[in-house]
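**Q** What follows is the file start-v2.txt, containing compact mmCIF, C-alpha atoms and all ligand atoms:
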```txt
# COMPACT_ATOMS: atom_id res chain seq x y z
CA MET I 73 0.00 0.00 0.00
CA ASP I 74 1.19 3.53 -0.77
CA GLU I 75 1.96 5.50 2.36
CA ILE I 76 -0.50 8.26 3.00
CA GLU I 77 -0.62 10.62 5.90
CA PHE I 78 -3.19 9.50 8.45
CA ILE I 79 -5.49 11.98 10.13
CA ARG I 80 -6.93 10.40 13.27
CA PRO I 81 -10.72 10.71 13.27
CA LYS I 82 -12.65 12.03 16.26
CA ASN I 83 -14.79 8.89 16.41
CA PRO I 84 -12.53 5.99 15.51
CA PRO I 85 -14.25 3.11 13.70
CA LYS I 86 -14.78 -0.32 15.18
CA LEU I 87 -12.56 -3.04 13.79
CA ILE I 88 -14.10 -6.16 12.27
CA ALA I 89 -11.36 -8.78 12.06
CA VAL I 90 -12.10 -10.59 8.79
CA SER I 91 -11.07 -14.16 9.52
CA LYS I 92 -12.38 -15.80 6.33
CA THR I 93 -10.16 -18.72 5.21
CA TYR I 94 -8.15 -18.64 8.46
CA PRO I 95 -8.32 -21.65 10.77
CA ILE I 96 -9.86 -21.76 14.23
CA GLU I 97 -6.45 -21.83 15.93
CA ILE I 98 -5.54 -18.41 14.54
CA ILE I 99 -8.99 -17.02 15.35
CA SER I 100 -8.68 -18.23 18.98
CA LEU I 101 -5.31 -16.56 19.25
CA ALA I 102 -6.74 -13.25 18.01
CA HIS I 103 -9.63 -13.66 20.43
CA ARG I 104 -7.28 -14.17 23.35
CA GLU I 105 -5.48 -10.99 22.31
CA GLY I 106 -8.74 -9.11 22.74
CA ILE I 107 -10.47 -9.14 19.36
CA LYS I 108 -14.21 -9.62 19.87
CA ILE I 109 -15.69 -8.64 16.51
CA PHE I 110 -15.13 -10.99 13.58
CA GLY I 111 -16.22 -11.15 9.96
CA GLU I 112 -16.77 -14.15 7.69
CA ASN I 113 -18.00 -14.22 4.10
CA LYS I 114 -19.16 -17.83 3.88
CA ILE I 115 -22.11 -18.51 6.15
CA LYS I 116 -21.57 -22.23 6.68
CA GLU I 117 -17.84 -21.86 7.29
CA GLY I 118 -18.44 -18.98 9.70
CA ILE I 119 -20.99 -20.95 11.72
CA GLU I 120 -18.69 -23.96 12.01
CA LYS I 121 -15.60 -21.99 12.97
CA PHE I 122 -17.31 -19.83 15.58
CA GLU I 123 -19.56 -22.43 17.15
CA ILE I 124 -17.52 -22.81 20.34
CA LEU I 125 -16.42 -19.19 20.70
CA LYS I 126 -20.01 -18.02 20.27
CA LYS I 127 -21.25 -20.32 22.99
CA GLU I 128 -18.55 -19.40 25.45
CA ASN I 129 -17.90 -15.76 24.84
CA GLN I 130 -19.33 -12.43 23.99
CA ILE I 131 -18.26 -12.20 20.39
CA GLU I 132 -20.05 -10.40 17.62
CA LEU I 133 -20.13 -12.06 14.21
CA HIS I 134 -20.56 -10.11 10.98
CA HIS I 135 -21.41 -11.59 7.61
CA ILE I 136 -19.52 -9.50 5.08
CA GLY I 137 -20.00 -10.99 1.61
CA PRO I 138 -22.89 -10.69 -0.82
CA VAL I 139 -26.08 -12.14 0.66
CA GLN I 140 -27.29 -15.09 -1.41
CA THR I 141 -31.02 -15.68 -1.29
CA GLY I 142 -30.77 -19.45 -0.81
CA THR I 143 -28.63 -19.26 2.33
CA ILE I 144 -30.14 -16.23 4.06
CA LYS I 145 -32.04 -18.22 6.67
CA LYS I 146 -28.79 -19.60 8.07
CA LEU I 147 -27.72 -16.10 9.10
CA PHE I 148 -30.26 -15.93 11.91
CA GLY I 149 -29.01 -16.81 15.35
CA ASN I 150 -25.47 -17.10 13.99
CA PHE I 151 -24.60 -13.65 12.70
CA GLU I 152 -25.66 -10.37 14.31
CA PHE I 153 -24.90 -8.29 11.21
CA THR I 154 -24.86 -8.70 7.46
CA HIS I 155 -23.03 -6.21 5.24
CA GLY I 156 -23.82 -7.32 1.70
CA VAL I 157 -27.50 -6.61 1.06
CA GLY I 158 -27.19 -5.29 -2.47
CA SER I 159 -30.53 -5.93 -4.13
CA ASN I 160 -34.24 -5.78 -3.41
CA SER I 161 -34.64 -9.53 -3.88
CA SER I 162 -32.16 -10.35 -1.11
CA LEU I 163 -33.62 -7.64 1.12
CA ILE I 164 -37.15 -9.01 0.70
CA GLU I 165 -35.95 -12.51 1.54
CA LEU I 166 -34.02 -11.24 4.58
CA LYS I 167 -37.14 -9.54 5.92
CA LYS I 168 -39.30 -12.56 5.23
CA GLN I 169 -36.91 -14.89 7.03
CA SER I 170 -36.51 -12.53 10.00
CA GLU I 171 -40.28 -12.57 10.46
CA GLN I 172 -40.31 -16.35 10.47
CA LYS I 173 -37.30 -16.75 12.73
CA LYS I 174 -38.20 -13.88 15.04
CA THR I 175 -34.50 -13.27 15.48
CA LEU I 176 -32.79 -9.92 15.07
CA ILE I 177 -30.45 -9.22 12.20
CA ASN I 178 -28.85 -5.82 11.52
CA PHE I 179 -28.15 -5.10 7.88
CA PHE I 180 -26.06 -2.73 5.81
CA LEU I 181 -27.24 -1.80 2.31
CA GLN I 182 -24.35 -2.39 -0.05
CA THR I 183 -23.80 0.22 -2.71
CA ASN I 184 -21.71 0.21 -5.83
CA LEU I 185 -20.43 3.74 -6.30
CA THR I 186 -17.55 2.82 -8.62
CA ASN I 187 -19.95 1.54 -11.31
CA GLU I 188 -17.86 -1.56 -11.89
CA ASN I 189 -19.93 -4.38 -13.32
CA THR I 190 -18.07 -6.92 -11.21
CA LYS I 191 -19.39 -5.42 -7.99
CA SER I 192 -22.79 -5.99 -6.52
CA GLY I 193 -24.85 -3.36 -4.76
CA TYR I 194 -27.36 -0.58 -5.27
CA GLU I 195 -26.58 2.24 -7.67
CA LYS I 196 -26.57 5.68 -6.06
CA THR I 197 -30.14 6.70 -6.98
CA GLU I 198 -31.53 3.27 -6.06
CA LEU I 199 -29.71 3.47 -2.76
CA ILE I 200 -31.19 6.84 -1.83
CA GLU I 201 -34.65 5.58 -2.73
CA GLN I 202 -34.14 2.46 -0.60
CA ILE I 203 -32.83 4.45 2.39
CA LYS I 204 -36.01 6.57 2.33
CA LYS I 205 -38.16 3.44 2.25
CA GLU I 206 -36.28 1.84 5.14
CA LEU I 207 -36.64 4.95 7.28
CA GLU I 208 -40.41 4.90 6.77
CA GLN I 209 -40.91 1.29 7.77
CA GLU I 210 -39.50 0.06 11.06
CA ASN I 211 -39.01 -3.67 11.08
CA GLU I 212 -38.78 -5.40 14.44
CA TYR I 213 -36.34 -8.15 13.54
CA CYS I 214 -34.65 -6.82 10.44
CA LYS I 215 -32.94 -3.61 11.38
CA PHE I 216 -31.55 -1.14 8.84
CA TYR I 217 -28.17 -0.39 10.37
CA GLY I 218 -26.20 1.45 7.72
CA LEU I 219 -24.45 1.62 4.36
CA MET I 220 -21.58 -0.45 3.05
CA THR I 221 -19.27 0.02 0.11
CA MET I 222 -15.92 -0.99 -1.33
CA GLY I 223 -13.28 1.10 -3.07
CA PRO I 224 -12.38 0.53 -6.72
CA SER I 225 -10.82 -2.84 -7.59
CA ASP I 226 -7.63 -1.24 -8.94
CA GLY I 227 -6.93 0.26 -5.53
CA ASN I 228 -6.58 3.83 -6.82
CA LEU I 229 -6.40 5.87 -3.62
CA GLU I 230 -7.78 9.12 -5.05
CA GLU I 231 -10.80 7.30 -6.44
CA THR I 232 -11.17 5.40 -3.14
CA LYS I 233 -11.26 8.66 -1.26
CA LYS I 234 -13.91 10.02 -3.63
CA VAL I 235 -16.11 6.94 -3.17
CA PHE I 236 -15.81 6.90 0.64
CA SER I 237 -16.48 10.62 1.05
CA GLU I 238 -19.45 10.35 -1.32
CA LEU I 239 -21.02 7.61 0.80
CA ASN I 240 -20.41 9.66 3.92
CA GLU I 241 -22.21 12.60 2.28
CA ILE I 242 -25.16 10.35 1.43
CA ARG I 243 -25.24 9.13 5.03
CA ILE I 244 -25.11 12.64 6.49
CA LYS I 245 -27.85 13.85 4.15
CA TYR I 246 -30.28 10.92 4.23
CA CYS I 247 -29.63 8.82 7.35
CA PRO I 248 -27.33 10.67 9.78
CA ASN I 249 -28.04 8.24 12.63
CA HIS I 250 -26.93 5.20 10.66
CA PHE I 251 -23.49 3.67 10.32
CA LEU I 252 -20.93 3.26 7.56
CA SER I 253 -19.08 0.05 6.79
CA MET I 254 -16.12 0.84 4.57
CA GLY I 255 -12.39 0.23 4.51
CA MET I 256 -10.34 -2.95 4.08
CA SER I 257 -6.63 -3.72 4.58
CA GLY I 258 -5.53 -1.47 1.72
CA ASP I 259 -7.76 1.50 2.42
CA PHE I 260 -8.96 1.51 6.04
CA LYS I 261 -7.10 4.73 6.84
CA ILE I 262 -8.89 6.58 4.05
CA ALA I 263 -12.17 5.07 5.27
CA ALA I 264 -11.54 6.16 8.86
CA GLU I 265 -10.81 9.69 7.69
CA ASN I 266 -14.04 9.75 5.76
CA GLY I 267 -16.43 8.82 8.51
CA SER I 268 -16.38 5.02 8.50
CA ASP I 269 -17.84 3.37 11.63
CA TYR I 270 -16.82 -0.21 10.84
CA ILE I 271 -13.64 -1.15 9.01
CA ARG I 272 -13.40 -4.74 7.70
CA VAL I 273 -9.77 -5.78 7.89
CA GLY I 274 -8.46 -9.26 7.10
CA SER I 275 -5.00 -9.67 5.62
CA ALA I 276 -3.48 -6.69 7.46
CA ILE I 277 -4.19 -8.59 10.70
CA PHE I 278 -3.87 -12.25 9.79
CA GLY I 279 -1.46 -12.19 6.83
CA THR I 280 -1.94 -12.88 3.14
CA ARG I 281 -4.65 -15.38 2.26
CA ASN I 282 -3.89 -18.20 -0.14
CA SER I 283 -7.41 -18.32 -1.46
CA LEU I 284 -10.77 -16.64 -1.15
C1 LIG B 301 -12.28 -10.19 2.36
C2 LIG B 301 -13.08 -8.99 2.60
C3 LIG B 301 -12.59 -7.98 3.43
C4 LIG B 301 -11.20 -7.99 4.04
O1 LIG B 301 -10.24 -7.88 3.04
P1 LIG B 301 -8.69 -7.64 3.37
O2 LIG B 301 -8.17 -7.02 2.12
O3 LIG B 301 -8.11 -8.96 3.64
O4 LIG B 301 -8.61 -6.74 4.52
C5 LIG B 301 -13.43 -6.90 3.67
N1 LIG B 301 -14.66 -6.80 3.12
C6 LIG B 301 -15.16 -7.77 2.32
C7 LIG B 301 -16.53 -7.61 1.78
C8 LIG B 301 -14.38 -8.89 2.02
O5 LIG B 301 -14.89 -9.83 1.23
```
Here is the file; what I need is its structure written in the form of structure tokens.
Ligand SMILES: *Cc1c(COP(=O)(O)O)cnc(C)c1O
**A**
Amino acid sequence: MDEIEFIRPKNPPKLIAVSKTYPIEIISLAHREGIKIFGENKIKEGIEKFEILKKENQIELHHIGPVQTGTIKKLFGNFEFTHGVGSNSSLIELKKQSEQKKTLINFFLQTNLTNENTKSGYEKTELIEQIKKELEQENEYCKFYGLMTMGPSDGNLEETKKVFSELNEIRIKYCPNHFLSMGMSGDFKIAAENGSDYIRVGSAIFGTRNSL
């Protein structure tokens, strides 16, 4: 990563330690060192790896990948948060399942502000529309928690900064009491400077992954 000067934010973001692909032994070590918030992108793998830690300890588990309709029901009771709700079809299914399970899930609407076809998420105008809808309808078990995004795939730091500050502006204008999930290993400093509340950091904590 290019070195950039870091301006410490007034409200530092919470750290989600993204432990996807790492084994339980490494996760336990991180937990003993004081990490209590973890992120996994594969639901089944996350449930298996955190089964014991979840029973014994106060840990908070975040689902960070795209939410696939077929597996949504497995989130409930296992994950407290999901960060990848990027379409109306997955949102509708999430709400339907939360009603059936009567178990709370907090969700972030994922937005694609870089307009890359490879990324999932709401386009800017769709996002604003969806935020307004969510604010009108309180849902007991399916709680609109905030907005999530990723920087451009090429890692361009200027573009990253533009995307993160744009999402922060949308938050301030349309849902100032909601949270932002943005920033990964390569860009968490830029995210923190631009109002992020949750940074999702994997390889900068655990080392390079061999696979996704
Ligand atoms: C893997 C992943 C991360 C963490 O990525 P690192 O570059 O390892 O920090 C964050 N967010 C999402 C959505 C991911 O899939």
**Q** Taking all atoms listed in the file into account, list the residues no farther than 10 Å from ligand LIG 301 (chain B), as a ChimeraX atom specification.
**A** /I:88-93,111-114,135-138,155-156,182,220-222,253-260,271-281,284
**Q** Can you tell me how far atom CA of I:Thr197 sits from atom CA of I:Leu239, in Å to one decimal?
**A**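 Taking atom CA of I:Thr197 as the start and atom CA of I:Leu239 as the end point, the length is 12.0 Å.
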**Q** I'd like the interatomic distance between atom CA of I:Ile119 and atom CA of I:Glu210, to a tenth of an Å.
**A**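 Computing it gives 28.0 Å between the two atoms.
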**Q** Please provide as a list in words all residues within 12 Å of I:Leu207, with the sequence filter that same-chain residues fewer than 6 positions apart are discarded (counting only C-alpha atoms).
**A**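 The contact residues come out as Ile200, Glu201, Lys215, Phe216, Tyr217, Gly218, Tyr246, Cys247, Pro248, Asn249 and His250 of chain I.
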**Q** Any chance you could export the current selection's C-alpha atoms as a CSV table (one decimal), in the coordinates of the input?
**A**
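What ended up in selection.csv:
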```csv
chain,number,residue,atom,x,y,z
I,200,ILE,CA,-31.2,6.8,-1.8
I,201,GLU,CA,-34.6,5.6,-2.7
I,215,LYS,CA,-32.9,-3.6,11.4
I,216,PHE,CA,-31.6,-1.1,8.8
I,217,TYR,CA,-28.2,-0.4,10.4
I,218,GLY,CA,-26.2,1.4,7.7
I,246,TYR,CA,-30.3,10.9,4.2
I,247,CYS,CA,-29.6,8.8,7.4
I,248,PRO,CA,-27.3,10.7,9.8
I,249,ASN,CA,-28.0,8.2,12.6
I,250,HIS,CA,-26.9,5.2,10.7
```
**Q** Work out how far atom CA of I:Val157 is from atom CA of I:Leu181, in Å to one decimal.
**A**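 Taking atom CA of I:Leu181 and atom CA of I:Val157, their separation equals 5.0 Å.
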**Q** Using all atoms listed in the file, which of the listed residues (I:Gln209, I:Thr143, I:Asn178, I:Asn129) sits closest to I:Ser162?
**A** I:Thr143
**Q** Closest to I:Arg243 among I:Leu199, I:Leu87, I:Ile96, I:Leu163, using all atoms listed in the file?
**A**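 With all atoms listed in the file as the atom set, the closest residue is I:Leu199.
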**Q** Kindly assemble as CSV a list of the stretch 159-236 of chain I residues that lie within 8 Å of stretch 262-269 of chain I, each paired with its nearest atom pair and their distance in Å to one decimal, using all atoms listed in the file, sorted first by chain and then by ascending residue number.
**A**
```
residue,atom,partner,partner_atom,distance
I:Thr232,CA,I:Ile262,CA,7.6
I:Lys233,CA,I:Ile262,CA,6.2
I:Phe236,CA,I:Asn266,CA,6.1
```
**Q** Under the rule that all atoms listed in the file are counted, which of I:Asn187, I:Asn240, I:Leu252, I:Leu166 is the nearest residue to I:Asn211?
**A** I:Leu166
**Q** Choose the residue, out of I:Phe251, I:Tyr213, I:Phe151, I:Tyr194, that has the smallest atom-to-atom separation from I:Gln169; count all atoms listed in the file.
**A** I:Tyr213
**Q** Which one of I:Val235, I:Leu101, I:Leu219, I:Ile115 sits closest to I:Gly193 if you count only C-alpha atoms?
**A**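 Closest residue, counting only C-alpha atoms: I:Leu219.
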**Q** Calculated over all atoms listed in the file, which of the candidates I:Ala102, I:Ile109, I:Glu188, I:Glu128 has the smallest distance to I:Asp226?
**A**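 Between I:Ala102, I:Ile109, I:Glu188, I:Glu128, the residue approaching I:Asp226 most closely is I:Glu188.
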**Q** List the residues sitting within 12 Å of (-20.2, -18.4, 18.3) in the file's frame, using only C-alpha atoms, as a ChimeraX atom specification.
**A** /I:96,99-100,103,108-112,117-134,149-152
**Q** Would you give the centre and edge lengths, in Å to one decimal, of a box along x, y and z around the listed atoms of stretch 257-271 of chain I, with 6 Å added to each side, as lines of an AutoDock Vina configuration file?
**A**
```
center_x = -11.7
center_y = 3.0
center_z = 6.7
size_x = 24.3
size_y = 25.5
size_z = 21.9
```
